[in-house]
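**Q** Sharing input.cif (mmCIF, C-alpha atoms) below.
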data_model
loop_
_atom_site.label_atom_id
_atom_site.label_comp_id
_atom_site.auth_asym_id
_atom_site.auth_seq_id
_atom_site.Cartn_x
_atom_site.Cartn_y
_atom_site.Cartn_z
CA GLN J 1 41.48 -15.84 -44.60
CA VAL J 2 41.76 -18.11 -41.55
CA THR J 3 43.48 -20.96 -43.28
CA GLY J 4 46.89 -22.50 -43.79
CA HIS J 5 50.12 -22.01 -41.89
CA LEU J 6 50.40 -20.38 -38.44
CA ASP J 7 53.35 -18.06 -37.75
CA ASP J 8 56.01 -19.31 -35.28
CA CYS J 9 54.65 -22.88 -35.62
CA THR J 10 55.03 -25.90 -37.86
CA CYS J 11 51.25 -26.32 -37.77
CA ASP J 12 48.30 -25.20 -39.86
CA VAL J 13 44.66 -24.35 -39.20
CA GLU J 14 43.22 -27.38 -41.04
CA THR J 15 45.22 -29.94 -39.01
CA ILE J 16 44.00 -28.40 -35.74
CA ASP J 17 40.37 -28.26 -36.94
CA ALA J 18 40.30 -31.92 -37.93
CA PHE J 19 42.06 -33.10 -34.75
CA ASN J 20 39.90 -31.00 -32.45
CA ASN J 21 36.48 -31.44 -34.04
CA TYR J 22 36.60 -35.17 -34.68
CA LYS J 23 38.92 -36.54 -32.01
CA LEU J 24 39.49 -34.36 -28.99
CA PHE J 25 36.51 -32.10 -28.38
CA PRO J 26 33.77 -34.78 -27.99
CA ARG J 27 35.82 -36.56 -25.29
CA LEU J 28 36.79 -33.31 -23.56
CA ASN J 29 33.17 -32.18 -23.47
CA GLU J 30 32.19 -35.40 -21.71
CA LEU J 31 34.93 -34.87 -19.13
CA LEU J 32 33.91 -31.28 -18.39
CA GLU J 33 30.34 -32.33 -17.58
CA ASN J 34 31.70 -34.48 -14.77
CA ASP J 35 31.32 -33.31 -11.14
CA TYR J 36 35.06 -32.93 -10.60
CA PHE J 37 35.35 -30.36 -13.39
CA ARG J 38 32.03 -28.54 -13.16
CA TYR J 39 32.51 -27.10 -9.65
CA TYR J 40 35.03 -24.25 -9.47
CA LYS J 41 35.76 -22.40 -6.24
CA VAL J 42 36.16 -18.68 -6.81
CA ASN J 43 36.18 -15.42 -4.86
CA LEU J 44 34.14 -12.91 -6.87
CA LYS J 45 34.24 -10.30 -4.10
CA LYS J 46 37.94 -9.43 -4.21
CA PRO J 47 38.43 -5.68 -4.65
CA CYS J 48 40.11 -4.36 -7.80
CA PRO J 49 43.80 -3.82 -6.90
CA PHE J 50 44.46 -1.17 -9.57
CA TRP J 51 41.70 1.43 -9.38
CA ASP J 52 38.67 2.26 -7.23
CA ASP J 53 35.84 0.57 -8.93
CA ASN J 54 32.28 0.31 -7.75
CA SER J 55 30.85 0.01 -11.24
CA HIS J 56 29.34 -3.44 -10.83
CA CYS J 57 27.12 -4.49 -13.67
CA GLY J 58 23.47 -3.96 -12.81
CA VAL J 59 22.23 -6.33 -15.50
CA ARG J 60 20.72 -9.42 -13.93
CA ASP J 61 22.46 -11.72 -16.43
CA CYS J 62 25.77 -10.59 -14.96
CA ALA J 63 24.96 -12.34 -11.69
CA VAL J 64 26.52 -15.66 -10.76
CA LYS J 65 24.51 -18.17 -8.79
CA PRO J 66 26.79 -19.89 -6.28
CA CYS J 67 26.08 -23.48 -5.21
CA PRO J 68 24.54 -24.19 -1.83
CA SER J 69 27.28 -26.20 -0.15
CA ASP J 70 25.07 -29.29 0.19
CA GLU J 71 24.89 -29.51 -3.63
CA VAL J 72 28.67 -29.79 -3.99
CA PRO J 73 29.80 -33.44 -3.70
CA ASP J 74 31.40 -34.16 -0.30
CA GLY J 75 34.57 -35.44 -1.91
CA ILE J 76 35.15 -32.14 -3.71
CA ARG J 77 34.45 -30.02 -0.63
CA SER J 78 36.83 -32.05 1.51
CA GLY J 79 39.40 -32.78 -1.19
CA SER J 80 40.04 -29.15 -1.99
CA TYR J 81 41.08 -28.26 1.56
CA LYS J 82 44.78 -28.49 2.16
CA TYR J 83 46.75 -29.04 5.30
CA SER J 84 48.59 -25.89 6.26
CA GLU J 85 49.13 -23.87 9.42
CA GLU J 86 46.41 -21.54 8.30
CA ALA J 87 43.96 -24.38 7.82
CA SER J 88 44.91 -25.88 11.17
CA ASN J 89 44.16 -22.59 12.91
CA LEU J 90 40.80 -22.39 11.19
CA ALA J 91 40.12 -25.96 12.18
CA GLU J 92 38.96 -24.74 15.59
CA GLU J 93 35.81 -23.67 13.85
CA CYS J 94 33.38 -26.54 13.84
CA GLU J 95 32.65 -26.73 10.12
CA GLU J 96 36.32 -26.48 9.16
CA ALA J 97 37.11 -29.29 11.55
CA LYS J 98 34.45 -31.42 9.88
CA ARG J 99 35.85 -30.69 6.43
CA LEU J 100 39.42 -31.45 7.44
CA GLY J 101 38.18 -34.60 9.12
CA ALA J 102 36.56 -35.60 5.85
CA VAL J 103 39.88 -35.17 4.05
CA ASP J 104 41.59 -37.28 6.64
CA GLY J 105 39.16 -40.15 6.49
CA SER J 106 38.72 -40.29 2.75
CA LEU J 107 42.21 -40.04 1.28
CA SER J 108 44.77 -42.80 1.05
CA LYS J 109 48.05 -42.41 2.97
CA GLU J 110 49.86 -41.72 -0.30
CA THR J 111 47.42 -38.99 -1.35
CA GLN J 112 47.54 -37.44 2.13
CA GLN J 113 51.31 -37.14 1.72
CA ALA J 114 50.77 -35.35 -1.58
CA VAL J 115 48.19 -33.05 0.01
CA LEU J 116 50.77 -32.05 2.63
CA GLN J 117 53.03 -30.81 -0.15
CA TRP J 118 50.44 -28.72 -1.99
CA THR J 119 50.63 -25.55 0.03
CA ARG J 120 54.37 -25.31 -0.45
CA HIS J 121 53.95 -24.91 -4.21
CA ASP J 122 50.86 -22.74 -4.42
CA ASP J 123 52.57 -19.39 -4.35
CA SER J 124 55.98 -20.47 -5.48
CA SER J 125 57.97 -18.72 -8.16
CA ASP J 126 56.63 -21.01 -10.89
CA SER J 127 53.15 -19.54 -10.56
CA PHE J 128 51.87 -17.40 -13.43
CA CYS J 129 48.63 -16.47 -11.68
CA GLU J 130 47.36 -14.65 -8.65
CA ALA J 131 45.29 -17.53 -7.26
CA ASP J 132 42.20 -17.00 -5.12
CA ASP J 133 42.47 -17.94 -1.47
CA ILE J 134 40.03 -20.83 -1.31
CA TYR J 135 39.91 -20.60 2.50
CA SER J 136 38.45 -17.10 2.33
CA PRO J 137 34.86 -16.88 3.60
CA ASP J 138 34.11 -15.03 0.33
CA ALA J 139 35.21 -17.99 -1.84
CA GLU J 140 32.25 -20.01 -3.09
CA TYR J 141 31.70 -23.00 -5.33
CA VAL J 142 30.13 -22.20 -8.70
CA ASP J 143 28.59 -24.77 -11.00
CA LEU J 144 30.08 -23.87 -14.39
CA LEU J 145 27.36 -25.71 -16.30
CA LEU J 146 24.68 -23.52 -14.70
CA ASN J 147 26.66 -20.30 -15.31
CA PRO J 148 27.70 -20.53 -18.98
CA GLU J 149 29.94 -17.94 -20.60
CA ARG J 150 27.73 -15.74 -22.76
CA TYR J 151 26.80 -12.15 -23.55
CA THR J 152 25.37 -10.50 -20.44
CA GLY J 153 24.95 -6.89 -21.54
CA TYR J 154 28.24 -5.86 -19.90
CA LYS J 155 29.90 -3.43 -22.34
CA GLY J 156 30.93 0.19 -22.77
CA PRO J 157 33.68 2.17 -20.96
CA ASP J 158 34.06 -0.27 -18.05
CA ALA J 159 34.62 -3.28 -20.27
CA TRP J 160 36.97 -1.25 -22.50
CA LYS J 161 39.00 -0.17 -19.49
CA ILE J 162 39.81 -3.80 -18.67
CA TRP J 163 41.11 -4.70 -22.13
CA ASN J 164 42.86 -1.35 -22.39
CA SER J 165 44.77 -2.05 -19.21
CA ILE J 166 45.69 -5.54 -20.43
CA TYR J 167 46.97 -4.42 -23.83
CA GLU J 168 48.51 -1.06 -22.98
CA GLU J 169 50.28 -1.99 -19.76
CA ASN J 170 50.81 -5.73 -19.85
CA CYS J 171 51.55 -6.73 -23.43
CA PHE J 172 55.01 -6.43 -24.90
CA LYS J 173 54.02 -4.14 -27.74
CA PRO J 174 55.20 -0.85 -29.20
CA GLN J 175 53.78 2.38 -27.74
CA ASN J 176 52.65 3.70 -31.14
CA VAL J 177 50.25 0.77 -31.57
CA LYS J 178 47.10 1.55 -29.68
CA ARG J 179 44.79 -1.11 -28.45
CA PRO J 180 43.97 -3.17 -31.57
CA LEU J 181 40.23 -3.40 -31.09
CA THR J 182 38.52 -0.62 -32.93
CA SER J 183 37.65 -0.92 -36.56
CA GLY J 184 39.01 1.79 -38.80
CA ARG J 185 42.52 1.87 -37.34
CA GLY J 186 44.44 0.54 -40.27
CA GLU J 187 47.67 2.25 -39.17
CA SER J 188 47.78 0.13 -35.99
CA PHE J 189 47.71 -2.99 -38.10
CA ILE J 190 50.66 -1.76 -40.22
CA TYR J 191 52.72 -0.88 -37.13
CA LEU J 192 51.90 -4.22 -35.55
CA THR J 193 53.01 -6.11 -38.65
CA LYS J 194 56.36 -4.29 -38.61
CA TRP J 195 56.74 -4.84 -34.88
CA PHE J 196 56.02 -8.56 -35.17
CA SER J 197 58.91 -9.02 -37.55
CA SER J 198 61.35 -7.14 -35.31
CA VAL J 199 60.87 -8.64 -31.81
CA CYS J 200 61.83 -11.94 -30.21
CA VAL J 201 59.55 -14.98 -30.39
CA GLU J 202 58.68 -14.75 -26.66
CA LYS J 203 57.23 -11.23 -26.88
CA ARG J 204 55.33 -12.10 -30.04
CA ALA J 205 53.99 -15.22 -28.33
CA PHE J 206 52.83 -13.32 -25.25
CA TYR J 207 50.93 -10.82 -27.36
CA LYS J 208 49.37 -13.61 -29.44
CA LEU J 209 48.27 -15.53 -26.34
CA ILE J 210 46.42 -12.50 -24.95
CA SER J 211 44.94 -11.70 -28.36
CA GLY J 212 43.85 -15.36 -28.71
CA LEU J 213 42.22 -15.29 -25.28
CA HIS J 214 40.43 -12.06 -26.21
CA ALA J 215 39.25 -13.58 -29.50
CA SER J 216 37.98 -16.67 -27.67
CA ILE J 217 35.94 -14.58 -25.22
CA ASN J 218 34.53 -12.43 -28.05
CA ILE J 219 33.50 -15.53 -30.00
CA HIS J 220 31.60 -16.92 -27.01
CA LEU J 221 29.82 -13.61 -26.47
CA SER J 222 28.85 -13.51 -30.17
CA ALA J 223 27.78 -17.17 -30.24
CA ARG J 224 25.60 -16.93 -27.12
CA TYR J 225 24.16 -13.47 -27.55
CA LEU J 226 20.97 -12.28 -25.89
CA LEU J 227 18.71 -12.13 -28.95
CA GLN J 228 15.38 -11.77 -27.18
CA ASP J 229 14.61 -10.49 -23.69
CA THR J 230 10.94 -10.26 -22.81
CA TRP J 231 9.07 -10.90 -19.58
CA SER J 232 7.99 -14.30 -20.91
CA GLU J 233 11.31 -15.62 -22.25
CA LYS J 234 14.98 -15.04 -22.90
CA LYS J 235 16.60 -16.39 -26.01
CA TRP J 236 20.34 -16.72 -26.61
CA GLY J 237 21.90 -17.55 -29.96
CA PRO J 238 24.51 -16.58 -32.57
CA ASN J 239 24.77 -12.88 -33.46
CA VAL J 240 26.55 -12.81 -36.83
CA THR J 241 26.73 -8.99 -36.98
CA GLU J 242 28.53 -8.88 -33.62
CA PHE J 243 30.97 -11.54 -34.82
CA GLN J 244 31.67 -9.69 -38.09
CA GLN J 245 32.36 -6.39 -36.31
CA ARG J 246 35.13 -8.08 -34.37
CA PHE J 247 36.58 -10.44 -36.99
CA ASP J 248 35.54 -9.56 -40.54
CA GLU J 249 38.62 -8.79 -42.65
CA VAL J 250 37.20 -5.68 -44.31
CA ILE J 251 35.59 -4.15 -41.21
CA THR J 252 38.72 -4.70 -39.10
CA ARG J 253 41.10 -3.71 -41.94
CA GLY J 254 42.86 -7.05 -42.01
CA GLU J 255 43.17 -7.46 -38.24
CA GLY J 256 40.24 -9.90 -37.71
CA PRO J 257 41.73 -13.00 -39.38
CA ARG J 258 44.96 -12.43 -37.42
CA ARG J 259 42.99 -12.41 -34.16
CA LEU J 260 41.41 -15.71 -35.12
CA LYS J 261 44.79 -17.20 -36.00
CA ASN J 262 45.99 -16.13 -32.55
CA LEU J 263 43.18 -18.26 -31.14
CA TYR J 264 44.71 -21.27 -32.90
CA PHE J 265 48.11 -20.34 -31.50
CA LEU J 266 46.64 -20.28 -27.97
CA TYR J 267 45.03 -23.67 -28.63
CA LEU J 268 48.44 -25.11 -29.61
CA ILE J 269 50.10 -23.77 -26.46
CA GLU J 270 47.46 -25.27 -24.15
CA LEU J 271 47.41 -28.54 -26.12
CA ARG J 272 51.19 -28.76 -25.71
CA ALA J 273 50.84 -28.28 -21.94
CA LEU J 274 48.31 -31.16 -21.77
CA SER J 275 50.72 -33.43 -23.63
CA LYS J 276 53.55 -32.50 -21.22
CA VAL J 277 51.64 -32.98 -17.96
CA LEU J 278 50.70 -36.63 -18.60
CA PRO J 279 53.22 -38.10 -16.07
CA PHE J 280 51.62 -36.07 -13.24
CA PHE J 281 48.16 -37.54 -13.88
CA GLU J 282 49.35 -41.05 -14.75
CA ARG J 283 50.55 -41.78 -11.23
CA PRO J 284 48.43 -44.41 -9.43
CA GLY J 285 48.16 -42.06 -6.41
CA PHE J 286 46.43 -39.33 -8.38
CA GLN J 287 42.62 -39.41 -8.25
CA LEU J 288 39.87 -37.15 -9.55
CA TYR J 289 38.34 -37.33 -6.12
CA THR J 290 34.59 -36.67 -5.79
CA GLY J 291 33.74 -39.49 -3.37
CA ASN J 292 32.15 -41.78 -5.99
CA LYS J 293 34.85 -44.40 -6.38
CA SER J 294 33.81 -46.21 -9.56
CA HIS J 295 32.83 -42.99 -11.34
CA ASP J 296 36.12 -41.33 -10.30
CA ALA J 297 38.10 -44.24 -11.76
CA GLU J 298 36.11 -44.03 -15.00
CA MET J 299 36.78 -40.28 -15.26
CA LYS J 300 40.48 -40.74 -14.61
CA ASN J 301 40.59 -43.19 -17.53
CA LEU J 302 38.84 -40.66 -19.77
CA LEU J 303 41.26 -37.94 -18.62
CA LEU J 304 44.27 -40.12 -19.46
CA GLU J 305 42.74 -40.97 -22.85
CA ILE J 306 42.47 -37.22 -23.60
CA LEU J 307 46.07 -36.58 -22.49
CA HIS J 308 47.41 -39.47 -24.60
CA LEU J 309 45.42 -38.08 -27.51
CA ALA J 310 46.96 -34.64 -26.91
CA LYS J 311 50.40 -36.26 -26.92
CA SER J 312 49.68 -37.97 -30.24
CA PHE J 313 49.05 -34.66 -32.05
CA PRO J 314 51.57 -34.62 -34.92
CA LEU J 315 52.52 -30.91 -35.14
CA HIS J 316 53.06 -29.67 -31.60
CA PHE J 317 54.35 -26.20 -30.82
CA ASP J 318 58.03 -26.37 -29.86
CA GLU J 319 58.34 -24.46 -26.60
CA ASN J 320 62.11 -25.02 -26.63
CA SER J 321 62.26 -21.94 -28.84
CA PHE J 322 61.27 -19.95 -25.74
CA PHE J 323 64.00 -18.49 -23.52
CA ALA J 324 66.69 -20.36 -25.41
CA GLY J 325 69.36 -17.67 -25.81
CA ASN J 326 71.80 -16.15 -23.32
CA LYS J 327 71.00 -17.72 -19.92
CA LYS J 328 70.97 -14.47 -17.97
CA GLU J 329 68.87 -12.61 -20.55
CA ALA J 330 66.53 -15.59 -20.89
CA ALA J 331 65.96 -15.77 -17.12
CA LYS J 332 65.20 -12.05 -17.00
CA LEU J 333 62.75 -12.30 -19.91
CA LYS J 334 61.04 -15.34 -18.40
CA GLU J 335 60.51 -13.50 -15.11
CA GLU J 336 59.14 -10.50 -17.00
CA PHE J 337 56.81 -12.82 -18.93
CA ARG J 338 55.58 -14.38 -15.66
CA LEU J 339 54.99 -11.05 -13.90
CA HIS J 340 53.16 -9.56 -16.89
CA PHE J 341 50.83 -12.54 -16.91
CA LYS J 342 50.36 -12.47 -13.14
CA ASN J 343 49.33 -8.83 -13.47
CA ILE J 344 46.71 -9.75 -16.08
CA SER J 345 45.28 -12.38 -13.72
CA LYS J 346 44.90 -9.63 -11.06
CA ILE J 347 43.08 -7.34 -13.53
CA MET J 348 40.30 -9.94 -13.68
CA ASP J 349 39.24 -8.78 -10.20
CA CYS J 350 38.37 -5.40 -11.78
CA VAL J 351 35.75 -6.84 -14.16
CA GLY J 352 32.41 -5.36 -13.16
CA CYS J 353 30.20 -8.20 -14.45
CA PHE J 354 30.44 -11.19 -12.10
CA LYS J 355 29.77 -13.79 -14.78
CA CYS J 356 32.45 -12.23 -17.02
CA ARG J 357 34.76 -12.07 -14.00
CA LEU J 358 34.18 -15.77 -13.26
CA TRP J 359 35.09 -16.85 -16.79
CA GLY J 360 37.92 -14.33 -17.06
CA LYS J 361 39.50 -15.63 -13.86
CA LEU J 362 39.02 -19.24 -14.88
CA GLN J 363 40.53 -18.78 -18.35
CA THR J 364 43.52 -16.77 -17.17
CA GLN J 365 44.19 -19.33 -14.44
CA GLY J 366 43.90 -22.10 -17.05
CA LEU J 367 46.41 -20.41 -19.36
CA GLY J 368 48.66 -19.57 -16.39
CA THR J 369 48.61 -23.25 -15.41
CA ALA J 370 49.50 -24.26 -18.98
CA LEU J 371 52.50 -21.89 -18.91
CA LYS J 372 53.56 -23.22 -15.50
CA ILE J 373 53.51 -26.77 -16.97
CA LEU J 374 55.53 -25.79 -20.05
CA PHE J 375 58.19 -24.13 -17.91
CA SER J 376 58.34 -27.01 -15.39
CA GLU J 377 59.25 -29.76 -17.85
CA ASN J 378 62.35 -30.85 -15.93
CA LEU J 379 60.39 -31.16 -12.69
CA ILE J 380 57.59 -33.13 -14.37
CA GLU J 381 60.10 -35.59 -15.86
CA LYS J 382 61.42 -36.28 -12.34
CA ILE J 383 58.02 -37.07 -10.79
CA PRO J 384 58.25 -40.47 -9.04
CA GLU J 385 55.63 -43.05 -10.05
CA SER J 386 54.43 -43.42 -6.49
CA GLY J 387 54.56 -41.14 -3.49
CA PRO J 388 54.17 -37.38 -3.42
CA SER J 389 55.35 -35.12 -6.21
CA TYR J 390 57.50 -32.60 -4.33
CA GLY J 391 58.95 -30.62 -7.21
CA PHE J 392 55.81 -30.10 -9.26
CA GLN J 393 52.26 -29.85 -8.00
CA LEU J 394 48.86 -28.80 -9.33
CA THR J 395 46.00 -27.87 -7.04
CA ARG J 396 42.44 -28.95 -7.83
CA GLN J 397 41.70 -25.31 -8.78
CA GLU J 398 44.50 -25.32 -11.35
CA ILE J 399 43.36 -28.67 -12.79
CA VAL J 400 39.74 -27.54 -13.13
CA ALA J 401 40.85 -24.22 -14.69
CA LEU J 402 43.32 -25.90 -17.09
CA PHE J 403 40.76 -28.25 -18.64
CA ASN J 404 37.84 -25.81 -18.65
CA ALA J 405 39.97 -23.09 -20.26
CA PHE J 406 41.04 -25.54 -22.95
CA GLY J 407 37.39 -26.57 -23.34
CA ARG J 408 36.56 -22.93 -24.15
CA LEU J 409 39.07 -22.99 -27.01
#
Re-express the file's structure as structure tokens.
**A**
Amino acid sequence: QVTGHLDDCTCDVETIDAFNNYKLFPRLNELLENDYFRYYKVNLKKPCPFWDDNSHCGVRDCAVKPCPSDEVPDGIRSGSYKYSEEASNLAEECEEAKRLGAVDGSLSKETQQAVLQWTRHDDSSDSFCEADDIYSPDAEYVDLLLNPERYTGYKGPDAWKIWNSIYEENCFKPQNVKRPLTSGRGESFIYLTKWFSSVCVEKRAFYKLISGLHASINIHLSARYLLQDTWSEKKWGPNVTEFQQRFDEVITRGEGPRRLKNLYFLYLIELRALSKVLPFFERPGFQLYTGNKSHDAEMKNLLLEILHLAKSFPLHFDENSFFAGNKKEAAKLKEEFRLHFKNISKIMDCVGCFKCRLWGKLQTQGLGTALKILFSENLIEKIPESGPSYGFQLTRQEIVALFNAFGRL
């Protein structure tokens, strides 16, 4: 069933499979194992902004092991601190002063100029995500390779509440379609099919992006399932039954293959963003800074190779179909789109399992960054070849999230 043409696109499943499996994924995997991309700074202690929730997952596999700071390369620790009033005030503290000093001594004049501009754009109106405050004492570096996304035992009412909130309150969908997760709800599928044919491409796209993200997470949980848990060993591996319950055409009454096609749609959107952001990374002043000069240069070359490859994909999604109608209506819809997505990024702080929260936050920030890129095309085209990029900026957090989220797909 998951074959052929994708709705709202000129592309098909087979073209994506061949391009991804043989060309892009092996290179991307190599990039994501690099120091710059494996350390992600995250605050897992932020309280849930929507409901009182103390239901943290008691299963030990839910825990995230943060990195001792001496294990994080110096270049990453210093490079991710930005000059701002807030940082200058904190600089009175000895360690902060050391870190800021490290930034100062290790970055070229040109990069320092760019760093000065970062803060200005972090919370600007082009942001689709509620970003963590990386200056917070609760923000810690996590090694993504040591904390893989997999089934942790986190399930039941608490996990349902998260997805319920995302679908019911934050997706543009009709009220009579309940959350499309349970098997045996054929009527939802019929309503959804009717609704899809009656609404604008933007609302359909938003729903498909969230459904694709949900499918992606469910696939990872099914593929790395806890199959054996004894005192002597733990064994993770594919759980076919779990996968079928979520995606089999008969069990889900036709909904499963659609969910998987939405995953391909999400892939196309993020691939399109990578192809668009090439000018930002191509500038000589941009570095994947970890402090190891020759290795950093090598990784930048690999990154550019991946972005050129993304650009060469023959059947890209055409984002010009988004927000193309009446200017006033389009602006209103775009803002609604942005706020809906920002809300979803906040819901990730309500996830009770810390490992699920880590990967939820990272993947929503990655998709949010992709959307920011797609809607900043004019600014990206104006980026000067040298000197700071005032109009468009990506923080290290956004870069790490963008590529790791795409790596999940």
**Q** Between J:Ala159, J:Ala401, J:Cys129, J:Leu379, single out the one closest to J:Ser345, counting all atoms listed in the file.
**A**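 When distances to J:Ser345 are compared using all atoms listed in the file, the smallest one comes from J:Cys129.
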**Q** What is the distance between atom CA of J:Arg258 and atom CA of J:Val2, in Å to one decimal?
**A**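 Between these atoms lies a distance of 7.7 Å.
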**Q** Hey, what's within 7 Å of J:Ser386 if we count only C-alpha atoms and toss same-chain stuff fewer than 5 positions away? As number ranges by chain, please?
**A** J: 283-285
**Q** Hey, can you pull every residue with an atom no more than 8 Å from (41.7, -10.5, -11.1), using all atoms listed in the file, and send it as an MDAnalysis selection string?
**A** chainID J and resid 46 48 130 344:351 357 361
**Q** May I ask which of the residues J:Lys342, J:Lys334, J:Lys23, J:Lys155 is the closest one to J:Glu305, counting all atoms listed in the file?
**A** J:Lys23
**Q** Report the distance between atom CA of J:Pro279 and atom CA of J:His295 in Å, rounded to one decimal place.
**A** 21.5 Å
**Q** Would you please work out which residue, of J:Leu24, J:Ile269, J:Val64, J:Ala205, is nearest to J:Leu367 when using all atoms listed in the file?
**A**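 Nearest to J:Leu367: J:Ile269.
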**Q** For J:Glu14, which residue out of J:Phe280, J:Tyr39, J:Tyr264, J:Trp359 is the nearest one, using all atoms listed in the file?
**A**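 Smallest distance to J:Glu14 is found for J:Tyr264.
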**Q** Calculated over only C-alpha atoms, which of the candidates J:Ile219, J:Leu303, J:Leu209, J:Ile76 has the smallest distance to J:Thr290?
**A**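 With only C-alpha atoms as the atom set, the closest residue is J:Ile76.
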**Q** Ranking J:Pro49, J:Pro26, J:Gly291, J:Pro257 by minimum distance to J:Arg77 and counting only C-alpha atoms, which one comes first?
**A**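 The shortest atom-to-atom distance to J:Arg77 comes from J:Gly291.
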**Q** Once the PyMOL selection byres ((chain J and resi 397) around 10) is applied to the coordinates I shared, what remains selected? I want it as an MDAnalysis selection string.
**A** chainID J and resid 37 39:42 80 131:132 134 362 365:366 369 394:396 398:402
**Q** Could you work out how far atom CA of J:Lys372 lies from atom CA of J:Ala330, giving the answer in Å with one decimal?
**A**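 Computing it gives 16.0 Å between the two atoms.
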**Q** Selected by the PyMOL selection byres ((chain J and resi 307) around 9) in the shown coordinates: which residues, as a VMD selection string?
**A** chain J and resid 271 274 to 278 281 302 to 306 308 to 312
**Q** Those residues you just picked out, can you put them in a file as a JSON list (two decimals), in the frame of the given file with C-alpha atoms?
**A**
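Contents of the output file selection.json:
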[["chain", "number", "residue", "atom", "x", "y", "z"],
["J", 271, "LEU", "CA", 47.41, -28.54, -26.12],
["J", 274, "LEU", "CA", 48.31, -31.16, -21.77],
["J", 275, "SER", "CA", 50.72, -33.43, -23.63],
["J", 276, "LYS", "CA", 53.55, -32.50, -21.22],
["J", 277, "VAL", "CA", 51.64, -32.98, -17.96],
["J", 278, "LEU", "CA", 50.70, -36.63, -18.60],
["J", 281, "PHE", "CA", 48.16, -37.54, -13.88],
["J", 302, "LEU", "CA", 38.84, -40.66, -19.77],
["J", 303, "LEU", "CA", 41.26, -37.94, -18.62],
["J", 304, "LEU", "CA", 44.27, -40.12, -19.46],
["J", 305, "GLU", "CA", 42.74, -40.97, -22.85],
["J", 306, "ILE", "CA", 42.47, -37.22, -23.60],
["J", 308, "HIS", "CA", 47.41, -39.47, -24.60],
["J", 309, "LEU", "CA", 45.42, -38.08, -27.51],
["J", 310, "ALA", "CA", 46.96, -34.64, -26.91],
["J", 311, "LYS", "CA", 50.40, -36.26, -26.92],
["J", 312, "SER", "CA", 49.68, -37.97, -30.24]]
**Q** Using all atoms listed in the file and a cutoff of 12 Å, can you tell me which residues are near (54.6, -9.6, -17.8) in the file's coordinates, and write them out as an MDAnalysis selection string?
**A** chainID J and resid 128:129 166:173 202:203 205:207 210 332:346 368
**Q** What box, with edges along x, y and z, holds each listed atom of stretch 247-265 of chain J when 5 Å is added on every side, and can you state its centre and edge lengths in Å to one decimal, as lines of an AutoDock Vina configuration file?
**A**
center_x = 41.8
center_y = -12.5
center_z = -37.7
size_x = 22.6
size_y = 27.6
size_z = 23.2
**Q** As a check of understanding, name the residues that the PyMOL selection byres ((chain J and resi 38) around 10) selects in the supplied structure, as a list of chain:residue names.
**A**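 Answer for the PyMOL selection byres ((chain J and resi 38) around 10): J:Leu31, J:Leu32, J:Glu33, J:Asn34, J:Asp35, J:Tyr36, J:Phe37, J:Tyr39, J:Tyr40, J:Lys41, J:Val72, J:Tyr141, J:Val142, J:Asp143, J:Leu144, J:Leu145, J:Leu146, J:Val400, J:Ala401, J:Asn404.
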